[in-house]
file model.cif (mmCIF, C-alpha atoms and all ligand atoms; chains and numbers go by the auth columns)
data_upload
loop_
_atom_site.group_PDB
_atom_site.id
_atom_site.type_symbol
_atom_site.label_atom_id
_atom_site.label_comp_id
_atom_site.label_asym_id
_atom_site.label_seq_id
_atom_site.Cartn_x
_atom_site.Cartn_y
_atom_site.Cartn_z
_atom_site.B_iso_or_equiv
_atom_site.auth_seq_id
_atom_site.auth_asym_id
ATOM 1 C CA MET A 1 81.184 106.204 121.118 0.00 1 A
ATOM 2 C CA GLN A 2 84.918 106.321 121.370 0.00 2 A
ATOM 3 C CA GLU A 3 86.930 104.497 118.754 0.00 3 A
ATOM 4 C CA GLU A 4 90.609 104.032 118.433 0.00 4 A
ATOM 5 C CA PHE A 5 93.048 102.012 116.360 0.00 5 A
ATOM 6 C CA ASP A 6 96.176 100.395 117.639 0.00 6 A
ATOM 7 C CA THR A 7 99.128 100.049 115.257 0.00 7 A
ATOM 8 C CA ALA A 8 99.713 96.785 113.423 0.00 8 A
ATOM 9 C CA GLN A 9 103.029 95.117 112.774 0.00 9 A
ATOM 10 C CA ILE A 10 102.959 93.095 109.563 0.00 10 A
ATOM 11 C CA CYS A 11 105.702 91.383 107.589 0.00 11 A
ATOM 12 C CA ILE A 12 106.224 92.622 104.049 0.00 12 A
ATOM 13 C CA ASN A 13 104.728 89.372 102.732 0.00 13 A
ATOM 14 C CA GLY A 14 101.494 90.117 104.586 0.00 14 A
ATOM 15 C CA HIS A 15 101.688 87.939 107.722 0.00 15 A
ATOM 16 C CA ALA A 16 100.091 89.770 110.641 0.00 16 A
ATOM 17 C CA ILE A 17 102.620 89.709 113.500 0.00 17 A
ATOM 18 C CA ASN A 18 101.024 91.927 116.123 0.00 18 A
ATOM 19 C CA GLU A 19 97.760 93.817 115.791 0.00 19 A
ATOM 20 C CA ARG A 20 98.521 95.726 119.022 0.00 20 A
ATOM 21 C CA ALA A 21 102.067 96.754 118.168 0.00 21 A
ATOM 22 C CA ALA A 22 101.832 100.120 119.954 0.00 22 A
ATOM 23 C CA THR A 23 100.543 98.707 123.243 0.00 23 A
ATOM 24 C CA LYS A 24 101.816 95.103 123.407 0.00 24 A
ATOM 25 C CA LEU A 25 105.422 95.840 122.587 0.00 25 A
ATOM 26 C CA ASP A 26 106.689 92.485 123.809 0.00 26 A
ATOM 27 C CA ARG A 27 104.899 90.760 120.925 0.00 27 A
ATOM 28 C CA ASN A 28 106.755 92.748 118.277 0.00 28 A
ATOM 29 C CA GLN A 29 109.227 90.954 116.043 0.00 29 A
ATOM 30 C CA LYS A 30 111.912 92.384 113.817 0.00 30 A
ATOM 31 C CA PHE A 31 111.435 89.531 111.354 0.00 31 A
ATOM 32 C CA CYS A 32 108.512 87.285 110.524 0.00 32 A
ATOM 33 C CA ASP A 33 108.550 83.849 112.145 0.00 33 A
ATOM 34 C CA LYS A 34 106.543 82.410 109.236 0.00 34 A
ATOM 35 C CA CYS A 35 108.651 83.553 106.283 0.00 35 A
ATOM 36 C CA GLY A 36 111.690 85.410 107.654 0.00 36 A
ATOM 37 C CA ALA A 37 110.847 88.709 105.961 0.00 37 A
ATOM 38 C CA GLU A 38 111.244 92.040 107.708 0.00 38 A
ATOM 39 C CA THR A 39 108.262 93.535 109.493 0.00 39 A
ATOM 40 C CA ILE A 40 106.821 97.036 109.185 0.00 40 A
ATOM 41 C CA MET A 41 104.483 99.168 111.287 0.00 41 A
ATOM 42 C CA ALA A 42 104.150 102.130 108.938 0.00 42 A
ATOM 43 C CA CYS A 43 103.302 102.661 105.287 0.00 43 A
ATOM 44 C CA PRO A 44 106.553 102.744 103.243 0.00 44 A
ATOM 45 C CA HIS A 45 105.077 105.497 101.035 0.00 45 A
ATOM 46 C CA CYS A 46 103.689 107.999 103.567 0.00 46 A
ATOM 47 C CA GLN A 47 104.971 106.688 106.929 0.00 47 A
ATOM 48 C CA ALA A 48 101.472 106.611 108.434 0.00 48 A
ATOM 49 C CA ALA A 49 100.992 103.924 111.084 0.00 49 A
ATOM 50 C CA ILE A 50 99.314 100.770 109.763 0.00 50 A
ATOM 51 C CA ARG A 51 95.925 100.360 111.388 0.00 51 A
ATOM 52 C CA GLY A 52 95.827 97.526 113.852 0.00 52 A
ATOM 53 C CA HIS A 53 93.315 96.353 116.411 0.00 53 A
ATOM 54 C CA HIS A 54 90.155 98.433 116.466 0.00 54 A
ATOM 55 C CA TYR A 55 89.134 99.457 119.970 0.00 55 A
ATOM 56 C CA ILE A 56 85.536 100.519 120.401 0.00 56 A
ATOM 57 C CA HIS A 57 84.867 101.899 123.860 0.00 57 A
ATOM 58 C CA GLY A 58 82.748 99.578 125.959 0.00 58 A
ATOM 59 C CA ILE A 59 82.852 96.726 123.446 0.00 59 A
ATOM 60 C CA VAL A 60 85.161 93.752 123.541 0.00 60 A
ATOM 61 C CA SER A 61 85.863 92.775 119.958 0.00 61 A
ATOM 62 C CA PHE A 62 86.622 89.194 119.042 0.00 62 A
ATOM 63 C CA SER A 63 86.498 89.715 115.306 0.00 63 A
ATOM 64 C CA PRO A 64 89.724 88.506 113.706 0.00 64 A
ATOM 65 C CA TYR A 65 92.144 91.121 112.437 0.00 65 A
ATOM 66 C CA THR A 66 92.423 91.355 108.681 0.00 66 A
ATOM 67 C CA VAL A 67 95.562 92.696 107.047 0.00 67 A
ATOM 68 C CA PRO A 68 94.651 95.797 105.009 0.00 68 A
ATOM 69 C CA PRO A 69 95.566 95.707 101.290 0.00 69 A
ATOM 70 C CA PHE A 70 95.891 99.499 100.977 0.00 70 A
ATOM 71 C CA CYS A 71 97.127 102.396 103.112 0.00 71 A
ATOM 72 C CA CYS A 72 94.173 104.390 104.412 0.00 72 A
ATOM 73 C CA ASN A 73 96.312 107.526 104.521 0.00 73 A
ATOM 74 C CA CYS A 74 97.806 107.643 100.989 0.00 74 A
ATOM 75 C CA GLY A 75 95.807 104.947 99.154 0.00 75 A
ATOM 76 C CA LYS A 76 98.877 103.107 97.856 0.00 76 A
ATOM 77 C CA PRO A 77 99.013 99.311 97.990 0.00 77 A
ATOM 78 C CA PHE A 78 101.045 97.869 100.861 0.00 78 A
ATOM 79 C CA PRO A 79 104.125 95.745 99.963 0.00 79 A
ATOM 80 C CA TRP A 80 102.218 92.459 100.366 0.00 80 A
ATOM 81 C CA THR A 81 99.560 93.639 97.912 0.00 81 A
ATOM 82 C CA GLU A 82 102.216 94.749 95.416 0.00 82 A
ATOM 83 C CA ALA A 83 104.063 91.440 95.787 0.00 83 A
ATOM 84 C CA ARG A 84 100.898 89.457 95.058 0.00 84 A
ATOM 85 C CA LEU A 85 100.103 91.557 92.017 0.00 85 A
ATOM 86 C CA VAL A 86 103.617 91.001 90.676 0.00 86 A
ATOM 87 C CA ALA A 87 103.382 87.252 91.374 0.00 87 A
ATOM 88 C CA ALA A 88 99.937 87.000 89.756 0.00 88 A
ATOM 89 C CA ARG A 89 101.165 88.851 86.659 0.00 89 A
ATOM 90 C CA GLU A 90 104.183 86.559 86.373 0.00 90 A
ATOM 91 C CA MET A 91 101.860 83.587 86.637 0.00 91 A
ATOM 92 C CA ILE A 92 99.609 84.982 83.897 0.00 92 A
ATOM 93 C CA GLU A 93 102.623 85.300 81.586 0.00 93 A
ATOM 94 C CA GLU A 94 103.202 81.557 81.987 0.00 94 A
ATOM 95 C CA ILE A 95 99.692 80.489 80.962 0.00 95 A
ATOM 96 C CA GLU A 96 100.047 78.729 77.620 0.00 96 A
ATOM 97 C CA LYS A 97 96.331 78.447 76.950 0.00 97 A
ATOM 98 C CA LEU A 98 95.862 82.218 76.722 0.00 98 A
ATOM 99 C CA ASP A 99 96.982 84.377 73.817 0.00 99 A
ATOM 100 C CA GLY A 100 98.824 87.667 74.278 0.00 100 A
ATOM 101 C CA ASN A 101 95.703 89.782 74.225 0.00 101 A
ATOM 102 C CA GLU A 102 93.926 87.595 76.776 0.00 102 A
ATOM 103 C CA LYS A 103 96.929 87.783 79.078 0.00 103 A
ATOM 104 C CA ILE A 104 96.799 91.575 78.921 0.00 104 A
ATOM 105 C CA ILE A 105 93.069 91.632 79.700 0.00 105 A
ATOM 106 C CA LEU A 106 93.477 89.210 82.599 0.00 106 A
ATOM 107 C CA SER A 107 96.440 91.141 83.962 0.00 107 A
ATOM 108 C CA LYS A 108 94.536 94.435 83.782 0.00 108 A
ATOM 109 C CA SER A 109 91.496 92.956 85.496 0.00 109 A
ATOM 110 C CA LEU A 110 93.605 92.424 88.637 0.00 110 A
ATOM 111 C CA ASP A 111 93.663 96.154 89.378 0.00 111 A
ATOM 112 C CA ASP A 112 89.870 96.216 89.593 0.00 112 A
ATOM 113 C CA LEU A 113 89.671 92.984 91.562 0.00 113 A
ATOM 114 C CA ILE A 114 91.899 94.090 94.420 0.00 114 A
ATOM 115 C CA ARG A 115 90.119 97.440 94.787 0.00 115 A
ATOM 116 C CA GLU A 116 86.409 97.957 94.580 0.00 116 A
ATOM 117 C CA THR A 117 85.763 100.268 91.664 0.00 117 A
ATOM 118 C CA PRO A 118 82.856 100.739 89.238 0.00 118 A
ATOM 119 C CA SER A 119 84.723 98.299 86.954 0.00 119 A
ATOM 120 C CA THR A 120 84.969 95.526 89.544 0.00 120 A
ATOM 121 C CA PRO A 121 81.910 93.549 88.315 0.00 121 A
ATOM 122 C CA THR A 122 83.312 93.617 84.765 0.00 122 A
ATOM 123 C CA ALA A 123 86.722 92.538 86.044 0.00 123 A
ATOM 124 C CA ILE A 124 85.100 89.606 87.885 0.00 124 A
ATOM 125 C CA VAL A 125 83.376 88.407 84.692 0.00 125 A
ATOM 126 C CA ARG A 126 86.615 88.697 82.689 0.00 126 A
ATOM 127 C CA PHE A 127 88.657 86.997 85.344 0.00 127 A
ATOM 128 C CA LYS A 128 86.245 84.056 85.619 0.00 128 A
ATOM 129 C CA ARG A 129 86.054 83.594 81.860 0.00 129 A
ATOM 130 C CA LEU A 130 89.814 83.706 81.321 0.00 130 A
ATOM 131 C CA ALA A 131 90.645 81.643 84.422 0.00 131 A
ATOM 132 C CA LEU A 132 88.342 78.946 83.063 0.00 132 A
ATOM 133 C CA LYS A 133 90.136 79.042 79.728 0.00 133 A
ATOM 134 C CA ALA A 134 93.529 79.044 81.442 0.00 134 A
ATOM 135 C CA GLY A 135 92.866 75.637 82.963 0.00 135 A
ATOM 136 C CA SER A 136 92.649 74.409 86.517 0.00 136 A
ATOM 137 C CA VAL A 137 96.370 74.415 87.349 0.00 137 A
ATOM 138 C CA ALA A 138 96.783 78.081 86.424 0.00 138 A
ATOM 139 C CA ALA A 139 93.450 79.027 87.978 0.00 139 A
ATOM 140 C CA ASP A 140 94.381 77.341 91.268 0.00 140 A
ATOM 141 C CA GLY A 141 97.726 79.118 91.214 0.00 141 A
ATOM 142 C CA LEU A 142 96.076 82.499 90.755 0.00 142 A
ATOM 143 C CA ARG A 143 93.631 81.679 93.502 0.00 143 A
ATOM 144 C CA SER A 144 96.325 80.901 96.037 0.00 144 A
ATOM 145 C CA ILE A 145 98.207 84.104 95.168 0.00 145 A
ATOM 146 C CA LEU A 146 95.184 86.391 95.244 0.00 146 A
ATOM 147 C CA VAL A 147 92.807 84.913 97.785 0.00 147 A
ATOM 148 C CA ASP A 148 94.169 86.880 100.748 0.00 148 A
ATOM 149 C CA VAL A 149 94.105 90.294 99.097 0.00 149 A
ATOM 150 C CA LEU A 150 90.639 90.154 97.599 0.00 150 A
ATOM 151 C CA SER A 151 87.663 91.427 99.551 0.00 151 A
ATOM 152 C CA GLU A 152 85.237 88.801 100.747 0.00 152 A
ATOM 153 C CA ALA A 153 82.567 90.051 98.338 0.00 153 A
ATOM 154 C CA VAL A 154 84.849 89.705 95.310 0.00 154 A
ATOM 155 C CA ARG A 155 86.223 86.381 96.509 0.00 155 A
ATOM 156 C CA LYS A 156 82.769 84.867 96.889 0.00 156 A
ATOM 157 C CA GLN A 157 81.776 85.910 93.410 0.00 157 A
ATOM 158 C CA ILE A 158 84.858 84.372 91.816 0.00 158 A
ATOM 159 C CA TRP A 159 85.087 81.283 94.010 0.00 159 A
ATOM 160 C CA PRO A 160 81.655 80.603 95.529 0.00 160 A
ATOM 161 C CA ASN A 161 82.889 77.555 97.463 0.00 161 A
HETATM 162 ZN ZN ZN B . 105.918 86.635 106.825 0.00 201 B
HETATM 163 ZN ZN ZN B . 100.533 105.403 102.960 0.00 202 B
#
call {"tool": "encode", "arguments": {"input": "model.cif", "output": "structure tokens"}}
result
Amino acid sequence: MQEEFDTAQICINGHAINERAATKLDRNQKFCDKCGAETIMACPHCQAAIRGHHYIHGIVSFSPYTVPPFCCNCGKPFPWTEARLVAAREMIEEIEKLDGNEKIILSKSLDDLIRETPSTPTAIVRFKRLALKAGSVAADGLRSILVDVLSEAVRKQIWPN
């Protein structure tokens, strides 16, 4: 079976612009029409092309394209993943119902929520416990920041609905 990836064009805030950026050039945009940020087609760290639409020979795929959180060539987080981590950490600093130590634990758990590691299940338990303590406003805020960068498996465990 022959497989191939097109290149994706994504804005630095994580809006997918064109999942066939190497073949459907007319759909490329210099800036994002949703947020006005610049768009990229390569990893800023290693310059590898960002994986776009997945062609599998003989199969027409209708599965929706998902923006990757990490570069598959160098393993570093893409700008949209970094930006969400920074935003989530700023939000955690603002949570009055958590003490300093709890804020540190919650902040650290983010690293194991956005990537699947042996510590991910522990991070999920910590996150749920502290998000509950933080109150619904803060928890909803964290959800809206993080929901797009978490894997479906992690997301469903934290927010089953
Ligand atoms: Zn955008
Ligand atoms: Zn890279």
call {"tool": "closest_atom_pairs", "arguments": {"input": "model.cif", "of": "chain A", "to": "ligand ZN 202 (chain B)", "cutoff": "6 Å", "atoms": "only C-alpha atoms and all ligand atoms", "output": "Markdown table"}}
result
| residue | atom | partner | partner_atom | distance |
| --- | --- | --- | --- | --- |
| A:Cys43 | CA | B:ZN202 | ZN | 4.5 |
| A:His45 | CA | B:ZN202 | ZN | 4.9 |
| A:Cys46 | CA | B:ZN202 | ZN | 4.1 |
| A:Ala48 | CA | B:ZN202 | ZN | 5.7 |
| A:Cys71 | CA | B:ZN202 | ZN | 4.5 |
| A:Asn73 | CA | B:ZN202 | ZN | 5.0 |
| A:Cys74 | CA | B:ZN202 | ZN | 4.0 |
| A:Lys76 | CA | B:ZN202 | ZN | 5.8 |
call {"tool": "residues_near_ligand", "arguments": {"input": "model.cif", "ligand": "ligand ZN 201 (chain B)", "cutoff": "8 Å", "atoms": "all atoms listed in the file", "output": "list of chain:residue names"}}
result
A:Ile10, A:Cys11, A:Ile12, A:Asn13, A:Gly14, A:His15, A:Ala16, A:Phe31, A:Cys32, A:Asp33, A:Lys34, A:Cys35, A:Gly36, A:Ala37, A:Glu38, A:Thr39
call {"tool": "write_last_selection", "arguments": {"input": "model.cif", "atoms": "C-alpha atoms", "output": "JSON list (two decimals), keeping the file's coordinate frame"}}
result
[["chain", "number", "residue", "atom", "x", "y", "z"],
["A", 10, "ILE", "CA", 102.96, 93.10, 109.56],
["A", 11, "CYS", "CA", 105.70, 91.38, 107.59],
["A", 12, "ILE", "CA", 106.22, 92.62, 104.05],
["A", 13, "ASN", "CA", 104.73, 89.37, 102.73],
["A", 14, "GLY", "CA", 101.49, 90.12, 104.59],
["A", 15, "HIS", "CA", 101.69, 87.94, 107.72],
["A", 16, "ALA", "CA", 100.09, 89.77, 110.64],
["A", 31, "PHE", "CA", 111.44, 89.53, 111.35],
["A", 32, "CYS", "CA", 108.51, 87.28, 110.52],
["A", 33, "ASP", "CA", 108.55, 83.85, 112.14],
["A", 34, "LYS", "CA", 106.54, 82.41, 109.24],
["A", 35, "CYS", "CA", 108.65, 83.55, 106.28],
["A", 36, "GLY", "CA", 111.69, 85.41, 107.65],
["A", 37, "ALA", "CA", 110.85, 88.71, 105.96],
["A", 38, "GLU", "CA", 111.24, 92.04, 107.71],
["A", 39, "THR", "CA", 108.26, 93.54, 109.49]]
call {"tool": "residues_around", "arguments": {"input": "model.cif", "residues": "range 123-136 of chain A", "least_positions_apart": "3", "cutoff": "7 Å", "atoms": "all atoms listed in the file", "output": "VMD selection string"}}
result
chain A and resid 95 97 to 98 106 109 112 to 113 119 to 120 139 to 140 158
call {"tool": "write_last_selection", "arguments": {"input": "model.cif", "atoms": "C-alpha atoms", "output": "compact mmCIF listing (two decimals), keeping the file's coordinate frame"}}
result
# COMPACT_ATOMS: atom_id res chain seq x y z
CA ILE A 95 99.69 80.49 80.96
CA LYS A 97 96.33 78.45 76.95
CA LEU A 98 95.86 82.22 76.72
CA LEU A 106 93.48 89.21 82.60
CA SER A 109 91.50 92.96 85.50
CA ASP A 112 89.87 96.22 89.59
CA LEU A 113 89.67 92.98 91.56
CA SER A 119 84.72 98.30 86.95
CA THR A 120 84.97 95.53 89.54
CA ALA A 139 93.45 79.03 87.98
CA ASP A 140 94.38 77.34 91.27
CA ILE A 158 84.86 84.37 91.82
call {"tool": "resolve_selection", "arguments": {"input": "model.cif", "expression": "the PyMOL selection byres (((chain A and resi 107) around 10) and not hetatm)", "output": "PyMOL selection string"}}
result
chain A and resi 85-86+88-93+101-106+108-111+127
call {"tool": "write_last_selection", "arguments": {"input": "model.cif", "atoms": "C-alpha atoms", "output": "mmCIF file, keeping the file's coordinate frame"}}
result
data_model
loop_
_atom_site.group_PDB
_atom_site.id
_atom_site.type_symbol
_atom_site.label_atom_id
_atom_site.label_comp_id
_atom_site.auth_asym_id
_atom_site.auth_seq_id
_atom_site.Cartn_x
_atom_site.Cartn_y
_atom_site.Cartn_z
ATOM 1 C CA LEU A 85 100.103 91.557 92.017
ATOM 2 C CA VAL A 86 103.617 91.001 90.676
ATOM 3 C CA ALA A 88 99.937 87.000 89.756
ATOM 4 C CA ARG A 89 101.165 88.851 86.659
ATOM 5 C CA GLU A 90 104.183 86.559 86.373
ATOM 6 C CA MET A 91 101.860 83.587 86.637
ATOM 7 C CA ILE A 92 99.609 84.982 83.897
ATOM 8 C CA GLU A 93 102.623 85.300 81.586
ATOM 9 C CA ASN A 101 95.703 89.782 74.225
ATOM 10 C CA GLU A 102 93.926 87.595 76.776
ATOM 11 C CA LYS A 103 96.929 87.783 79.078
ATOM 12 C CA ILE A 104 96.799 91.575 78.921
ATOM 13 C CA ILE A 105 93.069 91.632 79.700
ATOM 14 C CA LEU A 106 93.477 89.210 82.599
ATOM 15 C CA LYS A 108 94.536 94.435 83.782
ATOM 16 C CA SER A 109 91.496 92.956 85.496
ATOM 17 C CA LEU A 110 93.605 92.424 88.637
ATOM 18 C CA ASP A 111 93.663 96.154 89.378
ATOM 19 C CA PHE A 127 88.657 86.997 85.344
#
call {"tool": "closest_residue", "arguments": {"input": "model.cif", "among": "A:Gln157, A:Phe5, A:Val60, A:Trp80", "to": "Ile145 in chain A", "atoms": "all atoms listed in the file"}}
result
A:Trp80
call {"tool": "atom_distance", "arguments": {"input": "model.cif", "atom1": "CA of Ser63 in chain A", "atom2": "CA of Ala22 in chain A"}}
result
19.1 Å
call {"tool": "closest_residue", "arguments": {"input": "model.cif", "among": "A:Gln9, A:Phe78, A:Ala83, A:Ile40", "to": "Asp26 in chain A", "atoms": "only C-alpha atoms"}}
result
A:Gln9
call {"tool": "atom_distance", "arguments": {"input": "model.cif", "atom1": "CA of Glu3 in chain A", "atom2": "CA of Pro44 in chain A"}}
result
25.1 Å
call {"tool": "closest_residue", "arguments": {"input": "model.cif", "among": "A:Ser151, A:Glu82, A:Asp6, A:Gly75", "to": "Ile56 in chain A", "atoms": "only C-alpha atoms"}}
result
A:Asp6
call {"tool": "resolve_selection", "arguments": {"input": "model.cif", "expression": "the PyMOL selection byres (((chain A and resi 51-55) around 9) and not hetatm)", "output": "ChimeraX atom specification"}}
result
/A:2-9,18-22,41-42,48-50,56-61,65-68,71-72
call {"tool": "atom_distance", "arguments": {"input": "model.cif", "atom1": "CA of Leu146 in chain A", "atom2": "CA of Pro118 in chain A"}}
result
19.8 Å
call {"tool": "closest_residue", "arguments": {"input": "model.cif", "among": "A:Ala153, A:Leu25, A:Leu142, A:Ile17", "to": "Glu116 in chain A", "atoms": "all atoms listed in the file"}}
result
A:Ala153
call {"tool": "axis_aligned_box", "arguments": {"input": "model.cif", "around": "range 119-126 of chain A", "padding_each_side": "4 Å", "output": "lines of an AutoDock Vina configuration file"}}
result
center_x = 84.3
center_y = 93.4
center_z = 86.1
size_x = 12.8
size_y = 17.9
size_z = 14.9
call {"tool": "closest_residue", "arguments": {"input": "model.cif", "among": "A:Val154, A:Arg143, A:Asp148, A:Thr81", "to": "Pro121 in chain A", "atoms": "all atoms listed in the file"}}
result
A:Val154
call {"tool": "closest_residue", "arguments": {"input": "model.cif", "among": "A:Thr23, A:Arg115, A:Gly100, A:Phe62", "to": "Pro77 in chain A", "atoms": "only C-alpha atoms"}}
result
A:Arg115
